Amino acid sequence: MVILSNLYKNSVIERPRVTLFALILLLVVFGYFAKNFQLDASSDTLLLENDPDLKYLREVNNNYGTKDFLVLTYSHAPNENYNFKSENTIKNLGLLKNSLENLDWIDSVITVLDVPLLKNNDDPLSERIRNFKTLSSPDVNLDRGFDEIINSPIYKNFVISEDGQTSGVLVYIKPDEKLAELIKTKNSYLDRKEKGQLTSNEKNSYKAFLKNYDNYRKSYNKRNHQNINEIRKIIKDHPPPGKVKKISSDIYPIIHLGGIPMIADDMMTFIKNDIVVFGGGVFLFIVFTLWFVFRNLLWVLIPLMSCFFSVLIMIGFLGLVGWKVTVISSNFIALMLILTMAMNIHMSVRYLQYRKENPEISNSDAIHWTSKKMFWPILYTVLTTICAFLSLIFSGIKPIIDFGWMMTVGLLVSMLVTFTLLPSLLNVLTKKNTNYRDQKKSRITSFLSEVAKKNTKIIFTSAFVVIIISIYGITKLEVENSFINYFNKETEIYKGMKLIDKKLGGTTPLNVILKFPKKTPDDETDDDWGEDEEDDSKYWFTRDKIDRITEVHDYLNNIDSVGKVISFASIVRVAEDLSGGKKLEGLEMGVLYSKLPESIKKEVIDPYISIKNNEARISLRILDSKEDLRRNELINKIEYDLENEIGLNSNEFKLAGVLILFNNLLQSLFKSQILTLGVVMAGITFMFLILFRNITLSLIGVVPNFMAAFLILGIIGLLGIPLDMMTITIAAITIGIAVDNSIHYIYRFKEEFKKNNDYNKTLEKCHDTVGVAILNTSITIVFGFSILVLSNFIPTIYFGVFTGIAMLLAMISVLTLLPKLILTFKPFKNAG
């Protein structure tokens with residue numbers, strides 16, 4: 001170690017200009033690669049890689065012709081002159097439809113104007129089917145047509161709300177065949193990779209493929225952003241109903257945009273804004289904090305330079321290796337600024353204290369002494385924080401894994417910059433005769449020092465209460481994924497999804513796929529019904545199948561949390577209603593199916609039955625905004641009831657949909673993160689043992705931080721805030737960051753105790769020195785995290801608020817409970 005210390009002094013401290021030149025060169029190189037820095041808010045970033053449910057959902061979408069789509073909610077306040085039965089509204093809704101259809105990337109637009117009206121006249125049924133009318137037909141009876149739609153098992157709460165005041169406009173997007181092929185290829189590679197079947201050549205091909213895939217995804221996201229802007233311009237320019245003179249605001253339509261493509265694009269915008277706001281806000285607060293602590297421009301400049309170098313080098317590194325920043329990792333810049341700042345404050349305060357106490361020491365020797373003294377505590381604070389972030393790699397969710405590795409590399413970069421740039425700048429910019437501002441005693445740390453010495457009962461009673469609250473609160477924790485509540489209520493995402501959820505049958509899609517037995521059970525080679533679908537349809541439609549679909553449909557429709565349910569049973573009910581209530585038999589349905597126009601088959605029938613695969617799809621949407629909704633329980637209930645109440649075998653049905661995918665994600669994250677908290681705790685305790693070589697001291701050191709982290713989890717549980725992909729990481733990250741304070745405090749306590757062998761004097765000394773640095777860094781971290789409240793993404797706000805509170809609690813605990821435990825157990829009693 002002596003050799004390394006001397007090498008460090010001779011190469012870094014004694015040659016500061018060479019070191020600065022090397023760092024600037026490094027900055028320029030990584031600054032160049034910063035141009036490749038990427039953001040990503042695609043669905044890939046919020047899904048488990050190689051999730052079998054994702055593969056199955058893609059199969060379902062392929063079998064039933066599901067396409068990406070946007071939803072426009074078209075509504076206005078109740079007004080007898082301006083509703084969906086009025087010619088003015090129909091005219092303007094038609095204008096909106098035409099404007100949307102003129103966009104070359106849109107495949108089709110479905111509105112209330114396109115619904116086939118089969119009860120609008122008294123012609124024979126076959127004639128009504130062949131020449132059906134719509135609300136936009138010139139000779140249609142609007143009252144009769146409107147009543148048919150609003151009472152239709154298919155279209156009620158789908159293209160129009162029950163109260164008739166809100167209409168849904170479905171905008172189907174032309175499929176991107178190249179992207180679909182790339183996704184298929186990617187999944188094939190992932191399958192082979194998971195099974196360990198990739199050869200060395202295939203691994204190289206996979207790397208090249210990923211580069212092409214990412215480039216195409218980037219261009220796809222750019223096109224999607226342009227598409228969303230085009231639709232928003234159409235919405236903005238859309239005329240008021242009838243283009244009449246304004247009577248009141250009621251006559252103007254209220255249009256909100258929804259749908260996964262819009263959400264993905266807005267999430268990208270949120271990420272960009274968050275990075276700018278978080279980075280800028282934390283930067284400004286760091287400047288304020290540094291000035292408040294040091295009141296010297298030099299000591300504001302030096303830490304800021306460390307922050308700037310660390311963040312820019314890291315951004316360049318991310319661009320170089322192709323790591324994408326997602327909504328989960330969008331606060332990495334703020335975190336890096338905060339943690340780099342903390343390292344620099346500890347280094348700077350220790351340097352200034354040493355120079356004040358030893359004015360005769362040369363500047364180089366003072367810098368070298370400070371670096372030696374601070375190396376081990378900073379190294380261990382970095383390692384313990386890395387331990388916490390590395391726990392994220394067990395989540396199985398790529399963006400969270402990337403976030404863990406991202407912060408790991410970022411912390412190493414920050415430490416490298418801190419121990420090279422800061423000493424070099426100190427040697428160049430400071431002189432022996434520099435006038436240092438006297439560091440006055442902190443009233444806060446002095447007060448906490450007295451509390452720690454004199455209030456044993458209060459401290460231990462408070463600690464016991466905290467433990468009880470934490471345990472009780474943690475038992476109340478739950479995982480939820482209410483996607484609507486992820487967003488600020490003022491955002492377009494929230495407004496659109498809320499209205500769809502409330503008026504148009506729910507937002508989160510779920511499919512129940514019913515699988516029927518083969519025609520001849522003993523004939524195991526007859527996988528399909530035949531090559532000719534027209535022939536198949538003659539015998540596919542049986543009453544048993546329809547009754548089974550209807551039974552499951554009705555069961556799902558009666559679940560309180562379920563909104564709109566559509567299946568082939570919906571179509572059958574319409575047909576039976578048109579037949580005067582007569583129950584249709586299989587042959588009649590087969591004949592009716594063969595006579596339907598292809599346009600109706602494609603839009604109404606094919607999305608719900610697959611004759612080729614001998615199965616049916618029941619589509620339902622979950623009312624995502626219901627406060628008492630428990631998604632995992634709902635999924636388990638449906639699966640249980642289909643087997644035990646309906647009587648299906650487990651191989652006769654399967655659930656698929658976005659609800660399943662996001663539930664899988666959160667359940668996986670919940671299990672991995674709660675379990676790995678134990679690993680984080682064990683790892684940090686082990687590091688304490690190595691650093692301090694004292695079991696008692698190691699246990700004392702981790703207790704305050706673990707208590708702070710678990711108290712926050714308890715508070716989250718008591719407040720009924722569901723854990724999600726951001727808040728579930730708070731405990732592990734809090735432990736990793738907050739434990740830094742314990743390391744600095746204990747390391748300094750051990751050092752000072754060797755000088756006087758007096759616990760009380762050492763406590764006072766530590767509170768007046770390292771305690772001030774802990775206070776300053778903690779305040780910086782707390783307010784730094786508070787910047788996250790400016791996000792539009794609610795989990796990010798929760799992450800910022802609760803992590804900030806946890807850091808504040810950890811700081812108070814380290815300056816009260818930790819010294820009290822040291823005074824009580826006296827772990828240094830054998831010190832010389």
# chains A, B, ... in the order shown; residues from 1 in each chain; ligands from 1
$ residues_around --residues "Ile618 of chain A" --least-positions-apart "5" --cutoff "6 Å" --atoms "only C-alpha atoms" --output "PyMOL selection string"
chain A and resi 511-512+567
$ residues_around --residues "segment 716-720 of chain A" --least-positions-apart "3" --cutoff "9 Å" --atoms "only C-alpha atoms" --output "list in words"
Ile469, Ser470, Tyr472, Gly473, Ile474, Thr475, Lys476, Leu477, Glu478, Leu711, Ile712, Leu713, Leu723, Thr727 and Phe802 of chain A
$ residues_around --residues "segment 796-801 of chain A" --least-positions-apart "4" --cutoff "9 Å" --atoms "only C-alpha atoms" --output "ChimeraX atom specification"
/A:327-328,331,486,726-730,782,784-792,805-806
$ closest_residue --among "A:Asp628, A:Asp554, A:Asp740, A:Asp40" --to "Val702 of chain A" --atoms "only C-alpha atoms"
A:Asp740
$ closest_residue --among "A:Lys582, A:Asn212, A:Glu751, A:Asp577" --to "Met374 of chain A" --atoms "only C-alpha atoms"
A:Glu751
$ select_by_dssp --residues "segment 268-380 of chain A" --states "helix (DSSP H, G or I)" --output "number ranges by chain"
A: 268-294, 297-321, 332-357, 363-380
$ closest_residue --among "A:Glu643, A:Asp274, A:Glu588, A:Asp501" --to "Phe793 of chain A" --atoms "only C-alpha atoms"
A:Asp274
$ residues_around --residues "Glu615 of chain A" --least-positions-apart "3" --cutoff "7 Å" --atoms "only C-alpha atoms" --output "list in words"
Ile513, Leu514, Lys515, Phe516, Ile609, Ser610 and Ile611 of chain A
$ write_last_selection --atoms "N, CA and C atoms" --output "mmCIF file, in the first residue's frame"
data_model
loop_
_atom_site.group_PDB
_atom_site.id
_atom_site.type_symbol
_atom_site.label_atom_id
_atom_site.label_comp_id
_atom_site.auth_asym_id
_atom_site.auth_seq_id
_atom_site.Cartn_x
_atom_site.Cartn_y
_atom_site.Cartn_z
ATOM 1 N N ILE A 513 -58.614 -17.027 -23.857
ATOM 2 C CA ILE A 513 -58.653 -17.875 -25.049
ATOM 3 C C ILE A 513 -59.243 -19.227 -24.652
ATOM 4 N N LEU A 514 -60.360 -19.574 -25.258
ATOM 5 C CA LEU A 514 -61.004 -20.865 -25.007
ATOM 6 C C LEU A 514 -60.583 -21.840 -26.098
ATOM 7 N N LYS A 515 -60.090 -22.992 -25.691
ATOM 8 C CA LYS A 515 -59.625 -24.007 -26.641
ATOM 9 C C LYS A 515 -60.619 -25.169 -26.624
ATOM 10 N N PHE A 516 -61.141 -25.497 -27.804
ATOM 11 C CA PHE A 516 -62.154 -26.550 -27.895
ATOM 12 C C PHE A 516 -61.523 -27.882 -28.278
ATOM 13 N N ILE A 609 -63.110 -15.392 -33.123
ATOM 14 C CA ILE A 609 -63.048 -16.845 -33.291
ATOM 15 C C ILE A 609 -61.919 -17.190 -34.261
ATOM 16 N N SER A 610 -61.341 -18.352 -34.053
ATOM 17 C CA SER A 610 -60.317 -18.857 -34.976
ATOM 18 C C SER A 610 -60.704 -20.283 -35.335
ATOM 19 N N ILE A 611 -61.362 -20.423 -36.473
ATOM 20 C CA ILE A 611 -61.814 -21.747 -36.913
ATOM 21 C C ILE A 611 -60.606 -22.651 -37.151
#
$ residues_around --residues "Leu298 of chain A" --least-positions-apart "5" --cutoff "9 Å" --atoms "only C-alpha atoms" --output "JSON, numbers by chain"
{"A": [303, 429, 430]}
$ residues_around --residues "segment 415-427 of chain A" --least-positions-apart "5" --cutoff "8 Å" --atoms "only C-alpha atoms" --output "VMD selection string"
chain A and resid 12 to 13 15 to 17 19 to 20 23 302 to 303 306 309 to 310 340 343 to 344 363 to 364 367 371 378 to 379 382
$ atom_distance --atom1 "atom CA of Ile444 of chain A" --atom2 "atom CA of Lys765 of chain A"
14.0 Å
$ residues_around --residues "segment 619-624 of chain A" --least-positions-apart "3" --cutoff "6 Å" --atoms "only C-alpha atoms" --output "count of residues only"
14
$ select_by_dssp --residues "segment 104-255 of chain A" --states "strand (DSSP E or B)" --output "list of chain:residue names"
A:Ile106, A:Asp107, A:Ser108, A:Val109, A:Ile110, A:Leu117, A:Lys133, A:Lys156, A:Ile160, A:Thr166, A:Ser167, A:Gly168, A:Val169, A:Leu170, A:Val171, A:Tyr172, A:Ile173, A:Ile254, A:Ile255
